[in-house]
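Everything below belongs to my_file35.txt, which stores compact mmCIF, C-alpha atoms.
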# COMPACT_ATOMS: atom_id res chain seq x y z
CA MET A 1 43.80 23.34 -7.66
CA THR A 2 41.76 25.11 -10.36
CA ASP A 3 43.12 28.49 -11.35
CA PRO A 4 40.47 31.05 -10.24
CA LEU A 5 40.78 33.03 -13.48
CA ASP A 6 40.24 29.89 -15.57
CA HIS A 7 37.25 29.09 -13.36
CA TRP A 8 35.95 32.62 -13.88
CA ALA A 9 36.32 32.38 -17.66
CA ARG A 10 34.32 29.13 -17.76
CA LEU A 11 31.48 30.48 -15.59
CA ALA A 12 31.24 34.09 -16.78
CA GLY A 13 28.66 33.45 -19.49
CA SER A 14 26.07 31.82 -17.23
CA ALA A 15 26.76 32.94 -13.66
CA VAL A 16 25.54 36.00 -11.76
CA LEU A 17 28.12 38.75 -11.33
CA LEU A 18 28.38 39.93 -7.72
CA ASP A 19 29.92 43.34 -8.09
CA GLY A 20 31.46 44.60 -4.84
CA PHE A 21 31.91 43.45 -1.25
CA HIS A 22 28.32 44.09 -0.16
CA ALA A 23 26.81 42.08 -3.03
CA LEU A 24 29.07 39.14 -2.16
CA LYS A 25 28.31 39.50 1.55
CA HIS A 26 24.56 39.39 1.02
CA ALA A 27 24.75 36.52 -1.45
CA LEU A 28 26.69 34.41 1.06
CA ARG A 29 24.31 35.30 3.89
CA PHE A 30 21.33 34.08 1.91
CA GLY A 31 22.78 30.81 0.70
CA ALA A 32 24.09 31.57 -2.77
CA GLN A 33 26.53 29.13 -4.34
CA VAL A 34 29.66 31.18 -5.04
CA PRO A 35 32.30 29.15 -6.89
CA VAL A 36 34.85 31.95 -7.36
CA ALA A 37 35.62 35.36 -5.87
CA VAL A 38 38.51 37.74 -6.49
CA THR A 39 39.78 41.00 -5.07
CA ALA A 40 42.55 43.47 -5.82
CA ASP A 41 43.22 43.87 -2.07
CA ARG A 42 42.55 40.76 0.00
CA ALA A 43 43.68 42.26 3.30
CA ALA A 44 41.36 45.26 2.90
CA ALA A 45 38.43 43.04 1.94
CA LEU A 46 38.92 40.79 4.96
CA ASN A 47 39.26 43.79 7.26
CA LEU A 48 35.97 45.05 5.87
CA ALA A 49 34.40 41.65 6.53
CA ARG A 50 35.61 41.58 10.13
CA GLU A 51 34.24 45.08 10.66
CA LEU A 52 30.91 44.91 8.83
CA ALA A 53 30.08 41.24 8.30
CA PRO A 54 31.83 38.97 10.81
CA ASP A 55 29.21 36.28 10.14
CA VAL A 56 30.69 35.69 6.67
CA ALA A 57 34.33 36.60 7.37
CA GLU A 58 35.45 32.97 7.58
CA ALA A 59 33.71 32.05 4.33
CA LEU A 60 35.25 35.05 2.59
CA ALA A 61 38.71 34.19 3.85
CA ALA A 62 38.41 30.74 2.29
CA LEU A 63 36.95 32.07 -0.95
CA LEU A 64 38.77 35.27 -1.92
CA THR A 65 41.77 35.17 -4.23
CA GLU A 66 43.90 38.27 -4.70
CA VAL A 67 44.63 39.26 -8.30
CA PRO A 68 46.39 42.31 -9.78
CA SER A 69 44.29 45.45 -9.97
CA ARG A 70 44.40 45.42 -13.76
CA THR A 71 43.16 41.84 -13.84
CA TYR A 72 40.33 42.61 -11.43
CA ALA A 73 39.27 45.62 -13.52
CA SER A 74 39.15 43.46 -16.66
CA LEU A 75 36.54 41.17 -15.08
CA VAL A 76 33.88 43.78 -14.27
CA PRO A 77 32.06 46.46 -16.29
CA ARG A 78 33.00 49.16 -13.81
CA PRO A 79 35.43 48.65 -10.90
CA HIS A 80 33.76 48.82 -7.50
CA PRO A 81 35.36 50.89 -4.71
CA THR A 82 35.79 47.73 -2.61
CA ALA A 83 37.65 45.99 -5.50
CA VAL A 84 35.76 42.73 -4.91
CA ALA A 85 33.93 40.63 -7.47
CA ALA A 86 32.50 37.12 -7.53
CA LEU A 87 30.38 34.80 -9.63
CA ALA A 88 27.35 33.03 -8.18
CA VAL A 89 25.10 30.29 -9.49
CA ARG A 90 21.74 31.75 -10.55
CA PRO A 91 18.81 30.04 -8.80
CA SER A 92 16.73 27.91 -11.16
CA ARG A 93 13.66 29.48 -12.71
CA GLU A 94 11.65 26.48 -11.58
CA ALA A 95 12.57 27.12 -7.94
CA GLY A 96 11.67 30.79 -8.26
CA LEU A 97 8.29 30.06 -9.82
CA ARG A 98 7.50 27.52 -7.11
CA GLU A 99 8.26 30.07 -4.42
CA LEU A 100 6.14 32.73 -6.08
CA ALA A 101 3.21 30.34 -6.57
CA ARG A 102 3.24 28.89 -3.05
CA LEU A 103 0.09 29.53 -1.02
CA PRO A 104 -0.67 30.74 1.54
CA ARG A 105 1.80 33.63 1.33
CA THR A 106 2.97 35.47 4.40
CA ALA A 107 4.17 38.57 2.52
CA PRO A 108 3.26 40.36 -0.73
CA ILE A 109 4.77 39.95 -4.16
CA VAL A 110 5.98 43.11 -5.93
CA VAL A 111 5.36 43.38 -9.68
CA LEU A 112 7.26 45.93 -11.77
CA ASP A 113 5.20 46.36 -14.92
CA GLU A 114 7.49 46.92 -17.91
CA PRO A 115 10.23 48.75 -15.97
CA ARG A 116 12.90 50.60 -17.91
CA ASN A 117 15.61 51.63 -15.45
CA LEU A 118 18.01 48.90 -14.36
CA GLY A 119 19.15 50.74 -11.24
CA ASN A 120 15.59 51.36 -10.08
CA ALA A 121 14.77 47.67 -10.50
CA GLY A 122 17.77 46.78 -8.35
CA ALA A 123 16.73 49.25 -5.67
CA VAL A 124 13.24 47.69 -5.59
CA ILE A 125 14.69 44.19 -5.13
CA ARG A 126 16.80 45.50 -2.25
CA LEU A 127 13.67 47.01 -0.68
CA ALA A 128 11.66 43.85 -1.16
CA ALA A 129 14.34 41.79 0.53
CA GLY A 130 14.46 44.24 3.43
CA PHE A 131 10.70 43.98 3.98
CA GLY A 132 10.71 40.20 3.60
CA ALA A 133 8.52 40.27 0.50
CA THR A 134 7.85 36.92 -1.17
CA GLY A 135 9.46 38.09 -4.38
CA VAL A 136 9.78 40.58 -7.22
CA ILE A 137 8.40 39.94 -10.70
CA THR A 138 9.15 42.06 -13.75
CA THR A 139 7.08 42.10 -16.93
CA GLY A 140 8.39 43.29 -20.26
CA THR A 141 11.91 43.11 -21.65
CA LEU A 142 14.07 44.10 -18.67
CA ASP A 143 16.10 41.18 -17.28
CA PRO A 144 15.85 41.39 -13.47
CA TRP A 145 19.15 39.45 -13.22
CA HIS A 146 21.09 41.89 -15.40
CA PRO A 147 24.46 42.75 -13.75
CA THR A 148 23.39 46.38 -13.26
CA VAL A 149 20.20 45.27 -11.50
CA VAL A 150 22.16 42.88 -9.27
CA ARG A 151 24.58 45.69 -8.45
CA GLY A 152 21.68 48.00 -7.56
CA GLY A 153 20.18 45.23 -5.43
CA ALA A 154 23.45 44.73 -3.49
CA GLY A 155 23.28 40.97 -4.03
CA LEU A 156 19.89 40.66 -2.32
CA HIS A 157 18.42 38.79 -5.29
CA PHE A 158 19.35 35.73 -3.24
CA ALA A 159 17.15 36.86 -0.33
CA THR A 160 13.87 36.85 -2.30
CA ALA A 161 12.44 35.23 -5.44
CA VAL A 162 13.18 37.27 -8.58
CA GLU A 163 11.70 36.31 -11.95
CA ARG A 164 10.41 37.76 -15.22
CA MET A 165 6.86 36.78 -16.25
CA THR A 166 4.01 37.94 -18.45
CA VAL A 167 0.90 39.50 -16.94
CA ALA A 168 -1.03 36.35 -17.82
CA GLU A 169 1.47 34.25 -15.85
CA LEU A 170 1.26 36.23 -12.60
CA PRO A 171 0.62 34.14 -9.47
CA ARG A 172 -2.80 33.91 -7.87
CA GLY A 173 -3.78 36.49 -5.30
CA PRO A 174 -5.52 39.87 -5.02
CA LEU A 175 -3.76 42.28 -7.34
CA TYR A 176 -3.49 45.89 -6.16
CA ALA A 177 -2.13 48.20 -8.85
CA LEU A 178 -0.76 51.63 -7.95
CA ASP A 179 -2.36 54.30 -10.12
CA PRO A 180 -3.17 58.02 -9.66
CA GLU A 181 -6.85 57.24 -10.35
CA GLY A 182 -7.11 54.67 -7.58
CA GLU A 183 -8.41 54.81 -4.03
CA ASP A 184 -6.19 56.30 -1.32
CA ILE A 185 -3.97 53.46 -0.09
CA ARG A 186 -4.35 54.71 3.49
CA GLY A 187 -7.94 53.45 3.50
CA THR A 188 -6.99 49.89 2.51
CA LYS A 189 -5.50 47.13 4.64
CA LEU A 190 -3.25 45.12 2.35
CA PRO A 191 -3.42 41.36 2.92
CA ASP A 192 -0.32 39.21 3.22
CA ASP A 193 -1.06 37.50 -0.10
CA ALA A 194 -1.35 40.80 -1.98
CA ILE A 195 0.30 41.31 -5.33
CA LEU A 196 1.43 44.94 -5.52
CA ALA A 197 1.95 46.19 -9.07
CA PHE A 198 3.77 49.36 -10.11
CA GLY A 199 3.97 50.86 -13.59
CA SER A 200 6.95 52.63 -15.05
CA GLU A 201 7.52 56.26 -14.08
CA ARG A 202 7.09 57.43 -17.67
CA THR A 203 4.09 55.42 -18.92
CA GLY A 204 2.42 54.03 -15.81
CA LEU A 205 0.59 50.70 -15.89
CA SER A 206 0.21 48.75 -19.10
CA ALA A 207 -3.29 48.08 -20.41
CA ASP A 208 -2.91 44.36 -19.68
CA LEU A 209 -1.96 44.98 -16.05
CA ARG A 210 -4.75 47.48 -15.47
CA ALA A 211 -7.25 45.00 -16.88
CA ARG A 212 -5.91 42.26 -14.60
CA ALA A 213 -5.95 44.41 -11.43
CA ASP A 214 -8.59 43.79 -8.77
CA THR A 215 -8.09 47.20 -7.11
CA LEU A 216 -6.42 50.45 -8.09
CA LEU A 217 -4.70 52.32 -5.26
CA ARG A 218 -2.97 55.69 -5.15
CA LEU A 219 -0.25 56.98 -2.88
CA PRO A 220 -0.74 60.31 -1.08
CA MET A 221 0.89 63.06 -3.11
CA ARG A 222 0.83 66.84 -3.05
CA PRO A 223 -1.02 68.40 -6.00
CA GLN A 224 1.15 69.36 -9.00
CA VAL A 225 3.86 66.86 -8.05
CA SER A 226 4.13 64.55 -11.05
CA SER A 227 5.28 61.25 -9.56
CA TYR A 228 7.49 59.46 -7.06
CA ASN A 229 10.59 57.52 -7.91
CA LEU A 230 9.68 53.86 -8.49
CA ALA A 231 11.64 52.57 -5.49
CA THR A 232 10.08 55.24 -3.28
CA SER A 233 6.60 54.15 -4.34
CA VAL A 234 7.38 50.52 -3.59
CA ALA A 235 8.82 51.46 -0.21
CA MET A 236 5.70 53.42 0.72
CA ALA A 237 3.38 50.57 -0.25
CA LEU A 238 5.42 47.91 1.54
CA TYR A 239 5.66 50.07 4.64
CA HIS A 240 1.89 50.53 4.57
CA TRP A 241 1.48 46.75 4.38
CA SER A 242 3.96 46.10 7.19
CA ALA A 243 2.52 48.77 9.47
CA SER A 244 -1.06 47.60 8.98
CA GLN A 245 -0.05 44.01 9.74
CA GLY A 246 1.95 44.98 12.82
CA ALA A 247 4.93 43.25 11.23

Now that the file is in, can you turn its structure into structure tokens?
Amino acid sequence: MTDPLDHWARLAGSAVLLDGFHALKHALRFGAQVPVAVTADRAAALNLARELAPDVAEALAALLTEVPSRTYASLVPRPHPTAVAALAVRPSREAGLRELARLPRTAPIVVLDEPRNLGNAGAVIRLAAGFGATGVITTGTLDPWHPTVVRGGAGLHFATAVERMTVAELPRGPLYALDPEGEDIRGTKLPDDAILAFGSERTGLSADLRARADTLLRLPMRPQVSSYNLATSVAMALYHWSASQGA
């Protein structure tokens, strides 16, 4: 039998780090290939699975290997309270692009235009998965599969398509960009094939994205309030879509 730590060392450079019990739970639920998983407390992790995720408890029991706490801590950037970590195979870019390009779509695509904050990007992916969005695309330099983003997304990268693209490469579909100068979103019914684009909190939409947008929309906001958190803005827009569709 392959030593799990040797297996980890061979995969660490290319695999997706699942940091914590909940990231591993979600990855397994949505079909991720997980070759190796470790924990500093196997009994506690399996008790957590039986309590919170009985649907994956059997898979976790077969997968988890207990290692010393010091060894576990050496495998992750920052130890998680659940003391669980795993490596998963990253879905191919080709598969992600096919999913994002498929028409007709039954749910919007979220675009984060040149995001800066890794944690915010992860929170958006978690939201998108919860709403059943087709996927999340980032433009710019941020890697949406960075370990900090995956941690913020609680492993839900495997529940929706997640890719980085340029504005010119965005999939077909009506592009609604959120901007303070746009029309009130409450007056617009968002179609299922909408592409919903959000700029960074500091700089807003890039010039390329604004030029590509079909419609500018704004979220309701009290005067003199500067902005919403990025994840909050995405949640408001996706809720508006879901409520107007009766989803």

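Using only C-alpha atoms for every distance, the candidate list A:Ser233, A:Pro108, A:Asn120, A:Gln224 yields A:Pro108 as the residue closest to Leu175 of chain A.
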
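Contact shell of Glu114 of chain A at 7 Å (all atoms listed in the file; same-chain neighbours under 2 positions omitted): Leu112, Arg116, Thr138, Thr139, Gly140, Thr141, Gly199 and Ser200 of chain A.
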
Please identify all polymer residues within 7 Å of segment 78-83 of chain A, counting all atoms listed in the file, omitting same-chain residues fewer than 2 positions from it, and present them as a PDB file with C-alpha atoms, keeping the file's coordinate frame.
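Writing done, so here's out.pdb:
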ATOM      1  CA  ASP A  19      29.920  43.340  -8.090  1.00  0.00           C
ATOM      2  CA  GLY A  20      31.460  44.600  -4.840  1.00  0.00           C
ATOM      3  CA  PHE A  21      31.910  43.450  -1.250  1.00  0.00           C
ATOM      4  CA  THR A  39      39.780  41.000  -5.070  1.00  0.00           C
ATOM      5  CA  ALA A  40      42.550  43.470  -5.820  1.00  0.00           C
ATOM      6  CA  ASP A  41      43.220  43.870  -2.070  1.00  0.00           C
ATOM      7  CA  ALA A  73      39.270  45.620 -13.520  1.00  0.00           C
ATOM      8  CA  VAL A  76      33.880  43.780 -14.270  1.00  0.00           C
ATOM      9  CA  ALA A  85      33.930  40.630  -7.470  1.00  0.00           C
TER      10      ALA A  85
END

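Counting all atoms listed in the file, Thr65 of chain A has the following residues at most 8 Å away, ignoring those fewer than 3 positions along the same chain: Pro4, Ala37, Val38, Thr39 and Arg42 of chain A.
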
Now that the selection is made, can you save its residues with C-alpha atoms as a PDB file, in the coordinates of the input?
ATOM      1  CA  PRO A   4      40.470  31.050 -10.240  1.00  0.00           C
ATOM      2  CA  ALA A  37      35.620  35.360  -5.870  1.00  0.00           C
ATOM      3  CA  VAL A  38      38.510  37.740  -6.490  1.00  0.00           C
ATOM      4  CA  THR A  39      39.780  41.000  -5.070  1.00  0.00           C
ATOM      5  CA  ARG A  42      42.550  40.760   0.000  1.00  0.00           C
TER       6      ARG A  42
END

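With distances taken over all atoms listed in the file, A:Ala177 is the one residue among A:Asp113, A:Ala95, A:Ala177, A:Gly135 lying closest to Leu216 of chain A.
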
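Taking atom CA of Gly152 of chain A as the reference point, atom CA of Val16 of chain A is found at 13.3 Å.
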
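Between atom CA of Leu11 of chain A and atom CA of Ala86 of chain A the separation is 10.5 Å.
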
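One distance worth recording is that between atom CA of Met221 of chain A and atom CA of Leu196 of chain A, which is 18.3 Å.
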
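Ranking A:Leu64, A:Leu217, A:Leu230, A:Ala133 by their shortest atom-to-atom distance to Val84 of chain A, with only C-alpha atoms included, puts A:Leu64 first.
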
At a cut-off of 9 Å around the point (8.6, 39.7, 3.6) (file coordinates), what residues fall inside when counting only C-alpha atoms? I'd like the answer as a VMD selection string.
chain A and resid 106 to 109 128 to 135 160 192 242

Would you please work out which residue, of A:Leu178, A:Leu142, A:Pro91, A:Val167, is nearest to Ala211 of chain A when using all atoms listed in the file?
A:Val167

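Nearest residue to Met236 of chain A among A:Arg202, A:Arg210, A:Arg105, A:Arg186 is A:Arg186, counting only C-alpha atoms.
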
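The smallest atom-to-atom distance between Pro104 of chain A and any of A:Val162, A:Pro171, A:Asn117, A:Asp55, using all atoms listed in the file, is found for A:Pro171.
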
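Residues surrounding segment 24-35 of chain A within 7 Å are Leu18, Gly20, Val56, Ala86, Leu87, Ala88, Val89, Gly155, Leu156, Phe158 and Ala159 of chain A [only C-alpha atoms; sequence separation below 4 positions excluded].
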
Compile the contact shell of Ile137 of chain A as a VMD selection string: residues with an atom at most 12 Å away, counting only C-alpha atoms, same-chain residues fewer than 6 positions apart removed.
chain A and resid 93 96 to 97 99 to 101 108 to 115 121 to 122 124 to 125 128 143 to 145 157 160 to 167 169 to 171 195 to 198

Using only C-alpha atoms, give me every residue within 8 Å of (45.8, 31.4, -7.7) in file coordinates, as a PDB file with C-alpha atoms, keeping the file's coordinate frame.
ATOM      1  CA  THR A   2      41.760  25.110 -10.360  1.00  0.00           C
ATOM      2  CA  ASP A   3      43.120  28.490 -11.350  1.00  0.00           C
ATOM      3  CA  PRO A   4      40.470  31.050 -10.240  1.00  0.00           C
ATOM      4  CA  LEU A   5      40.780  33.030 -13.480  1.00  0.00           C
ATOM      5  CA  THR A  65      41.770  35.170  -4.230  1.00  0.00           C
ATOM      6  CA  GLU A  66      43.900  38.270  -4.700  1.00  0.00           C
ATOM      7  CA  VAL A  67      44.630  39.260  -8.300  1.00  0.00           C
TER       8      VAL A  67
END

Kindly list the centre and edge lengths in Å, rounded to one decimal, for the axis-aligned box that covers all listed atoms of segment 234-238 of chain A plus 8 Å on each of its six sides, as lines of an AutoDock Vina configuration file.
center_x = 6.1
center_y = 50.7
center_z = -1.0
size_x = 21.4
size_y = 21.5
size_z = 21.1
